[in-house]
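With compact mmCIF, N, CA, C and O atoms inside, this is protein_39.txt:
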# COMPACT_ATOMS: atom_id res chain seq x y z
N MET A 739 27.23 24.44 113.90
CA MET A 739 28.41 23.84 113.28
C MET A 739 29.18 24.91 112.54
O MET A 739 28.63 25.62 111.71
N LYS A 740 30.44 25.00 112.82
CA LYS A 740 31.29 25.97 112.15
C LYS A 740 31.90 25.35 110.91
O LYS A 740 32.32 24.20 110.92
N SER A 741 31.93 26.13 109.84
CA SER A 741 32.60 25.69 108.62
C SER A 741 33.19 26.92 107.93
O SER A 741 32.82 28.05 108.21
N ILE A 742 34.13 26.65 107.02
CA ILE A 742 34.78 27.72 106.29
C ILE A 742 35.00 27.26 104.86
O ILE A 742 35.27 26.08 104.61
N ASP A 743 34.88 28.18 103.91
CA ASP A 743 35.18 27.80 102.53
C ASP A 743 36.67 28.01 102.27
O ASP A 743 37.37 28.67 103.04
N ILE A 744 37.13 27.43 101.20
CA ILE A 744 38.56 27.42 100.89
C ILE A 744 39.11 28.83 100.68
O ILE A 744 40.24 29.13 101.06
N PHE A 745 38.31 29.73 100.11
CA PHE A 745 38.78 31.09 99.85
C PHE A 745 39.07 31.82 101.16
O PHE A 745 40.10 32.48 101.30
N ASN A 746 38.17 31.70 102.14
CA ASN A 746 38.40 32.35 103.43
C ASN A 746 39.52 31.67 104.21
O ASN A 746 40.28 32.34 104.91
N LEU A 747 39.65 30.37 104.08
CA LEU A 747 40.73 29.66 104.76
C LEU A 747 42.09 30.15 104.28
O LEU A 747 43.01 30.34 105.07
N MET A 748 42.21 30.37 102.99
CA MET A 748 43.49 30.79 102.42
C MET A 748 43.88 32.20 102.87
O MET A 748 45.03 32.60 102.73
N ASN A 749 42.95 32.96 103.43
CA ASN A 749 43.24 34.30 103.94
C ASN A 749 43.63 34.32 105.41
O ASN A 749 43.91 35.37 105.96
N ILE A 750 43.64 33.15 106.04
CA ILE A 750 44.03 33.06 107.45
C ILE A 750 45.54 32.81 107.52
O ILE A 750 46.07 31.97 106.80
N SER A 751 46.19 33.54 108.37
CA SER A 751 47.64 33.38 108.54
C SER A 751 47.92 32.13 109.38
O SER A 751 47.48 32.03 110.52
N ASN A 752 48.63 31.19 108.80
CA ASN A 752 49.05 29.94 109.46
C ASN A 752 47.92 29.16 110.14
O ASN A 752 48.00 28.88 111.34
N PRO A 753 46.90 28.78 109.38
CA PRO A 753 45.84 27.98 110.00
C PRO A 753 46.35 26.59 110.35
O PRO A 753 47.21 26.05 109.67
N ARG A 754 45.84 26.03 111.42
CA ARG A 754 46.20 24.66 111.83
C ARG A 754 45.25 23.71 111.10
O ARG A 754 44.12 23.50 111.55
N ILE A 755 45.72 23.15 110.00
CA ILE A 755 44.90 22.27 109.18
C ILE A 755 45.27 20.83 109.50
O ILE A 755 46.44 20.45 109.46
N VAL A 756 44.23 20.04 109.78
CA VAL A 756 44.43 18.61 110.05
C VAL A 756 43.73 17.85 108.93
O VAL A 756 42.51 17.90 108.79
N ASP A 757 44.52 17.17 108.12
CA ASP A 757 44.02 16.35 107.02
C ASP A 757 43.69 14.98 107.60
O ASP A 757 44.58 14.25 108.05
N ILE A 758 42.41 14.63 107.62
CA ILE A 758 41.98 13.38 108.27
C ILE A 758 41.87 12.22 107.29
O ILE A 758 41.41 11.14 107.67
N ARG A 759 42.32 12.42 106.06
CA ARG A 759 42.30 11.33 105.09
C ARG A 759 43.38 10.31 105.43
O ARG A 759 44.28 10.58 106.23
N ASP A 760 43.31 9.14 104.81
CA ASP A 760 44.33 8.12 105.09
C ASP A 760 45.70 8.58 104.58
O ASP A 760 45.80 9.52 103.80
N ASN A 761 46.72 7.92 105.05
CA ASN A 761 48.09 8.30 104.72
C ASN A 761 48.36 8.31 103.22
O ASN A 761 49.10 9.15 102.72
N TYR A 762 47.77 7.35 102.50
CA TYR A 762 47.99 7.28 101.06
C TYR A 762 47.44 8.52 100.36
O TYR A 762 48.14 9.15 99.56
N LYS A 763 46.20 8.87 100.63
CA LYS A 763 45.61 10.05 99.99
C LYS A 763 46.38 11.31 100.37
O LYS A 763 46.60 12.19 99.53
N TYR A 764 46.77 11.40 101.62
CA TYR A 764 47.56 12.56 102.08
C TYR A 764 48.86 12.66 101.28
O TYR A 764 49.26 13.74 100.88
N SER A 765 49.50 11.50 101.03
CA SER A 765 50.79 11.50 100.32
C SER A 765 50.64 11.95 98.86
O SER A 765 51.60 12.41 98.26
N LEU A 766 49.43 11.84 98.31
CA LEU A 766 49.20 12.26 96.92
C LEU A 766 49.04 13.77 96.79
O LEU A 766 49.15 14.32 95.71
N GLY A 767 48.75 14.43 97.90
CA GLY A 767 48.60 15.87 97.88
C GLY A 767 47.69 16.35 99.00
O GLY A 767 46.75 15.66 99.39
N THR A 768 48.00 17.54 99.50
CA THR A 768 47.22 18.14 100.57
C THR A 768 47.41 19.65 100.52
O THR A 768 48.16 20.16 99.68
N ILE A 769 46.76 20.35 101.41
CA ILE A 769 46.98 21.79 101.52
C ILE A 769 48.32 21.99 102.22
O ILE A 769 48.56 21.39 103.27
N PRO A 770 49.21 22.79 101.65
CA PRO A 770 50.53 23.00 102.27
C PRO A 770 50.41 23.42 103.73
O PRO A 770 49.56 24.24 104.09
N GLY A 771 51.24 22.81 104.56
CA GLY A 771 51.26 23.14 105.97
C GLY A 771 50.34 22.28 106.83
O GLY A 771 50.38 22.37 108.05
N SER A 772 49.54 21.44 106.19
CA SER A 772 48.63 20.59 106.97
C SER A 772 49.39 19.41 107.57
O SER A 772 50.45 19.03 107.09
N ILE A 773 48.81 18.85 108.62
CA ILE A 773 49.35 17.63 109.20
C ILE A 773 48.35 16.51 108.94
O ILE A 773 47.16 16.76 108.77
N ASN A 774 48.83 15.30 108.89
CA ASN A 774 47.97 14.15 108.62
C ASN A 774 47.72 13.36 109.89
O ASN A 774 48.64 12.84 110.51
N VAL A 775 46.44 13.31 110.28
CA VAL A 775 45.99 12.45 111.37
C VAL A 775 44.72 11.77 110.86
O VAL A 775 43.66 12.39 110.82
N PRO A 776 44.82 10.52 110.41
CA PRO A 776 43.64 9.84 109.88
C PRO A 776 42.47 9.86 110.86
O PRO A 776 42.66 9.83 112.09
N TYR A 777 41.28 9.93 110.31
CA TYR A 777 40.04 10.07 111.05
C TYR A 777 39.95 9.20 112.30
O TYR A 777 39.70 9.71 113.40
N LEU A 778 40.15 7.88 112.16
CA LEU A 778 40.00 6.99 113.31
C LEU A 778 41.01 7.28 114.41
O LEU A 778 40.68 7.18 115.60
N PHE A 779 42.22 7.64 114.06
CA PHE A 779 43.21 8.01 115.07
C PHE A 779 42.76 9.26 115.82
O PHE A 779 42.88 9.34 117.04
N LEU A 780 42.25 10.22 115.07
CA LEU A 780 41.86 11.50 115.66
C LEU A 780 40.67 11.36 116.60
O LEU A 780 40.69 11.89 117.71
N VAL A 781 39.64 10.63 116.18
CA VAL A 781 38.45 10.54 117.04
C VAL A 781 38.63 9.60 118.22
O VAL A 781 37.94 9.75 119.23
N THR A 782 39.55 8.65 118.12
CA THR A 782 39.74 7.74 119.24
C THR A 782 40.72 8.30 120.29
O THR A 782 40.61 7.95 121.45
N ASN A 783 41.64 9.16 119.87
CA ASN A 783 42.62 9.74 120.80
C ASN A 783 42.89 11.21 120.46
O ASN A 783 44.04 11.58 120.19
N PRO A 784 41.88 12.05 120.50
CA PRO A 784 42.10 13.45 120.07
C PRO A 784 43.14 14.19 120.90
O PRO A 784 43.86 15.04 120.37
N SER A 785 43.26 13.87 122.19
CA SER A 785 44.21 14.59 123.03
C SER A 785 45.66 14.32 122.64
O SER A 785 46.55 15.08 123.00
N ASN A 786 45.89 13.26 121.86
CA ASN A 786 47.25 12.99 121.35
C ASN A 786 47.65 13.98 120.25
O ASN A 786 48.84 14.12 119.96
N TYR A 787 46.66 14.62 119.64
CA TYR A 787 46.92 15.44 118.46
C TYR A 787 46.45 16.89 118.57
O TYR A 787 46.97 17.76 117.87
N LEU A 788 45.44 17.14 119.40
CA LEU A 788 44.82 18.46 119.48
C LEU A 788 44.89 19.04 120.88
O LEU A 788 44.88 18.31 121.87
N ASN A 789 44.89 20.35 120.93
CA ASN A 789 44.84 21.09 122.18
C ASN A 789 43.49 21.80 122.22
O ASN A 789 43.13 22.49 121.26
N LYS A 790 42.76 21.68 123.30
CA LYS A 790 41.42 22.29 123.38
C LYS A 790 41.46 23.81 123.34
O LYS A 790 40.44 24.44 123.12
N ASN A 791 42.63 24.41 123.50
CA ASN A 791 42.74 25.87 123.48
C ASN A 791 43.09 26.42 122.10
O ASN A 791 43.24 27.63 121.95
N GLU A 792 43.23 25.56 121.12
CA GLU A 792 43.58 25.97 119.75
C GLU A 792 42.41 25.72 118.81
O GLU A 792 41.52 24.93 119.10
N ILE A 793 42.44 26.39 117.67
CA ILE A 793 41.43 26.19 116.63
C ILE A 793 42.07 25.37 115.51
O ILE A 793 43.18 25.68 115.06
N TYR A 794 41.35 24.34 115.05
CA TYR A 794 41.84 23.47 113.99
C TYR A 794 40.82 23.44 112.85
O TYR A 794 39.61 23.48 113.09
N TYR A 795 41.33 23.32 111.64
CA TYR A 795 40.50 23.22 110.44
C TYR A 795 40.66 21.80 109.91
O TYR A 795 41.77 21.38 109.62
N LEU A 796 39.55 21.08 109.80
CA LEU A 796 39.62 19.68 109.40
C LEU A 796 39.34 19.51 107.92
O LEU A 796 38.40 20.10 107.37
N LEU A 797 40.14 18.66 107.28
CA LEU A 797 40.11 18.45 105.84
C LEU A 797 39.93 16.98 105.51
O LEU A 797 40.64 16.12 106.06
N CYS A 798 39.00 16.69 104.61
CA CYS A 798 38.88 15.36 104.01
C CYS A 798 38.77 15.58 102.50
O CYS A 798 39.12 16.64 102.02
N ASP A 799 38.27 14.60 101.76
CA ASP A 799 38.16 14.77 100.30
C ASP A 799 37.06 15.77 99.92
O ASP A 799 37.28 16.65 99.11
N SER A 800 35.88 15.60 100.51
CA SER A 800 34.72 16.40 100.07
C SER A 800 34.11 17.29 101.14
O SER A 800 33.25 18.10 100.84
N GLY A 801 34.51 17.11 102.37
CA GLY A 801 33.93 17.87 103.47
C GLY A 801 32.92 17.10 104.29
O GLY A 801 32.50 17.55 105.35
N ASN A 802 32.53 15.92 103.83
CA ASN A 802 31.52 15.14 104.55
C ASN A 802 32.09 14.43 105.77
O ASN A 802 31.53 14.49 106.87
N THR A 803 33.21 13.73 105.61
CA THR A 803 33.81 13.03 106.74
C THR A 803 34.35 14.02 107.76
O THR A 803 34.23 13.81 108.97
N SER A 804 34.94 15.11 107.29
CA SER A 804 35.45 16.11 108.22
C SER A 804 34.31 16.78 108.99
O SER A 804 34.47 17.13 110.16
N LEU A 805 33.16 16.92 108.37
CA LEU A 805 31.99 17.45 109.07
C LEU A 805 31.59 16.52 110.22
O LEU A 805 31.39 16.96 111.35
N ARG A 806 31.52 15.24 109.93
CA ARG A 806 31.18 14.26 110.96
C ARG A 806 32.23 14.27 112.07
O ARG A 806 31.90 14.24 113.27
N CYS A 807 33.49 14.36 111.70
CA CYS A 807 34.57 14.40 112.67
C CYS A 807 34.46 15.66 113.54
O CYS A 807 34.62 15.59 114.77
N CYS A 808 34.16 16.79 112.93
CA CYS A 808 33.99 18.04 113.68
C CYS A 808 32.88 17.89 114.72
O CYS A 808 33.05 18.32 115.87
N LEU A 809 31.77 17.31 114.32
CA LEU A 809 30.65 17.15 115.24
C LEU A 809 31.05 16.30 116.45
O LEU A 809 30.72 16.61 117.59
N GLU A 810 31.79 15.23 116.19
CA GLU A 810 32.25 14.36 117.28
C GLU A 810 33.21 15.11 118.21
O GLU A 810 33.08 15.03 119.43
N LEU A 811 34.16 15.83 117.64
CA LEU A 811 35.16 16.52 118.45
C LEU A 811 34.59 17.73 119.18
O LEU A 811 34.97 18.00 120.32
N MET A 812 33.67 18.43 118.54
CA MET A 812 33.02 19.56 119.21
C MET A 812 32.25 19.08 120.44
O MET A 812 32.20 19.77 121.46
N GLY A 813 31.67 17.90 120.33
CA GLY A 813 30.91 17.33 121.43
C GLY A 813 31.73 17.06 122.67
O GLY A 813 31.18 16.93 123.78
N ILE A 814 33.04 16.98 122.52
CA ILE A 814 33.91 16.75 123.67
C ILE A 814 34.86 17.93 123.93
O ILE A 814 35.88 17.80 124.59
N GLY A 815 34.49 19.08 123.37
CA GLY A 815 35.16 20.31 123.75
C GLY A 815 36.28 20.84 122.88
O GLY A 815 37.00 21.75 123.29
N TYR A 816 36.46 20.30 121.67
CA TYR A 816 37.53 20.79 120.80
C TYR A 816 37.00 21.89 119.88
O TYR A 816 35.83 21.89 119.48
N ASN A 817 37.89 22.84 119.55
CA ASN A 817 37.56 23.95 118.64
C ASN A 817 37.96 23.55 117.24
O ASN A 817 39.12 23.72 116.85
N VAL A 818 37.01 23.00 116.50
CA VAL A 818 37.28 22.51 115.15
C VAL A 818 36.31 23.14 114.16
O VAL A 818 35.16 23.40 114.49
N ILE A 819 36.81 23.37 112.97
CA ILE A 819 36.02 23.98 111.90
C ILE A 819 36.18 23.12 110.66
O ILE A 819 37.29 22.76 110.27
N ASN A 820 35.06 22.82 110.04
CA ASN A 820 35.06 22.00 108.82
C ASN A 820 35.44 22.85 107.60
O ASN A 820 34.98 23.99 107.47
N ILE A 821 36.26 22.29 106.72
CA ILE A 821 36.59 22.95 105.46
C ILE A 821 35.58 22.48 104.42
O ILE A 821 35.61 21.32 104.00
N ASP A 822 34.67 23.38 104.04
CA ASP A 822 33.64 23.04 103.05
C ASP A 822 34.26 22.57 101.75
O ASP A 822 35.18 23.20 101.23
N GLY A 823 33.78 21.47 101.23
CA GLY A 823 34.25 20.96 99.95
C GLY A 823 35.54 20.18 100.04
O GLY A 823 35.98 19.59 99.04
N GLY A 824 36.21 20.20 101.19
CA GLY A 824 37.41 19.42 101.40
C GLY A 824 38.54 19.69 100.42
O GLY A 824 38.65 20.79 99.86
N TYR A 825 39.36 18.69 100.23
CA TYR A 825 40.52 18.82 99.35
C TYR A 825 40.09 19.09 97.91
O TYR A 825 40.79 19.81 97.17
N ASN A 826 38.94 18.57 97.51
CA ASN A 826 38.45 18.83 96.15
C ASN A 826 38.26 20.33 95.91
O ASN A 826 38.55 20.82 94.82
N SER A 827 37.80 21.06 96.92
CA SER A 827 37.63 22.50 96.75
C SER A 827 38.99 23.20 96.65
O SER A 827 39.14 24.19 95.94
N TYR A 828 39.98 22.67 97.35
CA TYR A 828 41.32 23.25 97.25
C TYR A 828 41.89 23.06 95.85
O TYR A 828 42.51 23.97 95.30
N LEU A 829 41.68 21.88 95.27
CA LEU A 829 42.17 21.64 93.91
C LEU A 829 41.54 22.60 92.91
O LEU A 829 42.22 23.11 92.02
N LYS A 830 40.26 22.90 93.07
CA LYS A 830 39.60 23.87 92.20
C LYS A 830 40.14 25.28 92.45
O LYS A 830 40.31 26.06 91.52
N TYR A 831 40.41 25.59 93.71
CA TYR A 831 40.94 26.90 94.08
C TYR A 831 42.32 27.14 93.44
O TYR A 831 42.61 28.24 93.00
N LYS A 832 43.14 26.12 93.40
CA LYS A 832 44.48 26.23 92.84
C LYS A 832 44.49 26.51 91.34
O LYS A 832 45.46 27.04 90.82
N LYS A 833 43.46 26.12 90.64
CA LYS A 833 43.44 26.28 89.17
C LYS A 833 43.41 27.70 88.73
O LYS A 833 42.96 28.59 89.22
What would you get if you wrote out this structure as structure tokens?
Amino acid sequence: MKSIDIFNLMNISNPRIVDIRDNYKYSLGTIPGSINVPYLFLVTNPSNYLNKNEIYYLLCDSGNTSLRCCLELMGIGYNVINIDGGYNSYLKYKK
């Protein structure tokens, strides 16, 4: 399972971040440049949102749901990496 911490993520030029939280949580704040595709939408129709030739970094609140999502998507051939600690780690990073 691939994962990345927030410090290393911030050193990547233009990472493709997919925030899998619900629309409400996304509207309260996210990592700049991320797109919002709620978990159930993403796992039920990943080809609508992801390209198997690209690398995506998945974001949730704590890293647990995005980890589960990564495992599901990796199982069907997507290049996804979990963001350790999720959005909570980003909030700590910003301080």
- Excluding Val781 in chain A and any residue of its chain fewer than 4 positions from it, enumerate the residues within 8 Å of it, using all atoms listed in the file, and give them as a ChimeraX atom specification. /A:775-777,785,807,810-811
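The protein and nucleic acid residues lying at most 7 Å from Leu797 in chain A are Ile755, Val756, Asp757, Ile758, Arg759, Val775, Gly801, Thr803, Ser804, Ile819, Asn820, Ile821, Gly824 and Tyr825 of chain A, with only N, CA, C and O atoms considered and sequence neighbours fewer than 4 positions away removed.
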Taking all atoms of range 825-831 of chain A that appear in the file, build a box with edges along x, y and z, extend it by 3 Å on every side, and state its centre and edge lengths in Å to one decimal, as lines of an AutoDock Vina configuration file.
center_x = 40.1
center_y = 23.4
center_z = 95.9
size_x = 11.0
size_y = 15.7
size_z = 14.7
- as number ranges by chain, please: all residues of range 748-803 of chain A that backbone DSSP puts in helix (DSSP H, G or I). A: 761-766, 777-782, 784-786, 802-803
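The nearest approach to Met739 in chain A among the residues A:Asn786, A:Ser751, A:Ser827, A:Asn817, with only C-alpha atoms taken into account, belongs to A:Asn817.
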- Query: What separation in Å, quoted to one decimal, exists between atom N of Tyr828 in chain A and atom O of Cys798 in chain A?
  - Reply: 7.7 Å
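Using only C-alpha atoms, the smallest distance between any of A:Ile744, A:Lys833, A:Phe779, A:Asn749 and Asn761 in chain A comes from A:Phe779.
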- Task: Find the distance between atom C of Tyr764 in chain A and atom O of Leu796 in chain A and write it in Å to one decimal.
- Result: 14.2 Å
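Between atom N of Tyr762 in chain A and atom N of Glu792 in chain A the separation is 26.4 Å.
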- Residues of chain A in strand (DSSP E or B), written as an MDAnalysis selection string: chainID A and resid 741:742 755:757 773:774 793:797 817:821
Writing out the chosen residues with N, CA, C and O atoms as a JSON list (two decimals), in the coordinates of the input:
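This is the output file again_17.json:
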[["chain", "number", "residue", "atom", "x", "y", "z"],
["A", 741, "SER", "N", 31.93, 26.13, 109.84],
["A", 741, "SER", "CA", 32.60, 25.69, 108.62],
["A", 741, "SER", "C", 33.19, 26.92, 107.93],
["A", 741, "SER", "O", 32.82, 28.05, 108.21],
["A", 742, "ILE", "N", 34.13, 26.65, 107.02],
["A", 742, "ILE", "CA", 34.78, 27.72, 106.29],
["A", 742, "ILE", "C", 35.00, 27.26, 104.86],
["A", 742, "ILE", "O", 35.27, 26.08, 104.61],
["A", 755, "ILE", "N", 45.72, 23.15, 110.00],
["A", 755, "ILE", "CA", 44.90, 22.27, 109.18],
["A", 755, "ILE", "C", 45.27, 20.83, 109.50],
["A", 755, "ILE", "O", 46.44, 20.45, 109.46],
["A", 756, "VAL", "N", 44.23, 20.04, 109.78],
["A", 756, "VAL", "CA", 44.43, 18.61, 110.05],
["A", 756, "VAL", "C", 43.73, 17.85, 108.93],
["A", 756, "VAL", "O", 42.51, 17.90, 108.79],
["A", 757, "ASP", "N", 44.52, 17.17, 108.12],
["A", 757, "ASP", "CA", 44.02, 16.35, 107.02],
["A", 757, "ASP", "C", 43.69, 14.98, 107.60],
["A", 757, "ASP", "O", 44.58, 14.25, 108.05],
["A", 773, "ILE", "N", 48.81, 18.85, 108.62],
["A", 773, "ILE", "CA", 49.35, 17.63, 109.20],
["A", 773, "ILE", "C", 48.35, 16.51, 108.94],
["A", 773, "ILE", "O", 47.16, 16.76, 108.77],
["A", 774, "ASN", "N", 48.83, 15.30, 108.89],
["A", 774, "ASN", "CA", 47.97, 14.15, 108.62],
["A", 774, "ASN", "C", 47.72, 13.36, 109.89],
["A", 774, "ASN", "O", 48.64, 12.84, 110.51],
["A", 793, "ILE", "N", 42.44, 26.39, 117.67],
["A", 793, "ILE", "CA", 41.43, 26.19, 116.63],
["A", 793, "ILE", "C", 42.07, 25.37, 115.51],
["A", 793, "ILE", "O", 43.18, 25.68, 115.06],
["A", 794, "TYR", "N", 41.35, 24.34, 115.05],
["A", 794, "TYR", "CA", 41.84, 23.47, 113.99],
["A", 794, "TYR", "C", 40.82, 23.44, 112.85],
["A", 794, "TYR", "O", 39.61, 23.48, 113.09],
["A", 795, "TYR", "N", 41.33, 23.32, 111.64],
["A", 795, "TYR", "CA", 40.50, 23.22, 110.44],
["A", 795, "TYR", "C", 40.66, 21.80, 109.91],
["A", 795, "TYR", "O", 41.77, 21.38, 109.62],
["A", 796, "LEU", "N", 39.55, 21.08, 109.80],
["A", 796, "LEU", "CA", 39.62, 19.68, 109.40],
["A", 796, "LEU", "C", 39.34, 19.51, 107.92],
["A", 796, "LEU", "O", 38.40, 20.10, 107.37],
["A", 797, "LEU", "N", 40.14, 18.66, 107.28],
["A", 797, "LEU", "CA", 40.11, 18.45, 105.84],
["A", 797, "LEU", "C", 39.93, 16.98, 105.51],
["A", 797, "LEU", "O", 40.64, 16.12, 106.06],
["A", 817, "ASN", "N", 37.89, 22.84, 119.55],
["A", 817, "ASN", "CA", 37.56, 23.95, 118.64],
["A", 817, "ASN", "C", 37.96, 23.55, 117.24],
["A", 817, "ASN", "O", 39.12, 23.72, 116.85],
["A", 818, "VAL", "N", 37.01, 23.00, 116.50],
["A", 818, "VAL", "CA", 37.28, 22.51, 115.15],
["A", 818, "VAL", "C", 36.31, 23.14, 114.16],
["A", 818, "VAL", "O", 35.16, 23.40, 114.49],
["A", 819, "ILE", "N", 36.81, 23.37, 112.97],
["A", 819, "ILE", "CA", 36.02, 23.98, 111.90],
["A", 819, "ILE", "C", 36.18, 23.12, 110.66],
["A", 819, "ILE", "O", 37.29, 22.76, 110.27],
["A", 820, "ASN", "N", 35.06, 22.82, 110.04],
["A", 820, "ASN", "CA", 35.06, 22.00, 108.82],
["A", 820, "ASN", "C", 35.44, 22.85, 107.60],
["A", 820, "ASN", "O", 34.98, 23.99, 107.47],
["A", 821, "ILE", "N", 36.26, 22.29, 106.72],
["A", 821, "ILE", "CA", 36.59, 22.95, 105.46],
["A", 821, "ILE", "C", 35.58, 22.48, 104.42],
["A", 821, "ILE", "O", 35.61, 21.32, 104.00]]
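Using only C-alpha atoms for every distance, the candidate list A:Tyr787, A:Asn826, A:Phe745, A:Asp799 yields A:Asp799 as the residue closest to Lys763 in chain A.
Comparing A:Ser772, A:Tyr816, A:Leu766, A:Asn752 by their smallest distance to Leu788 in chain A, the closest is A:Tyr816 (using all atoms listed in the file).
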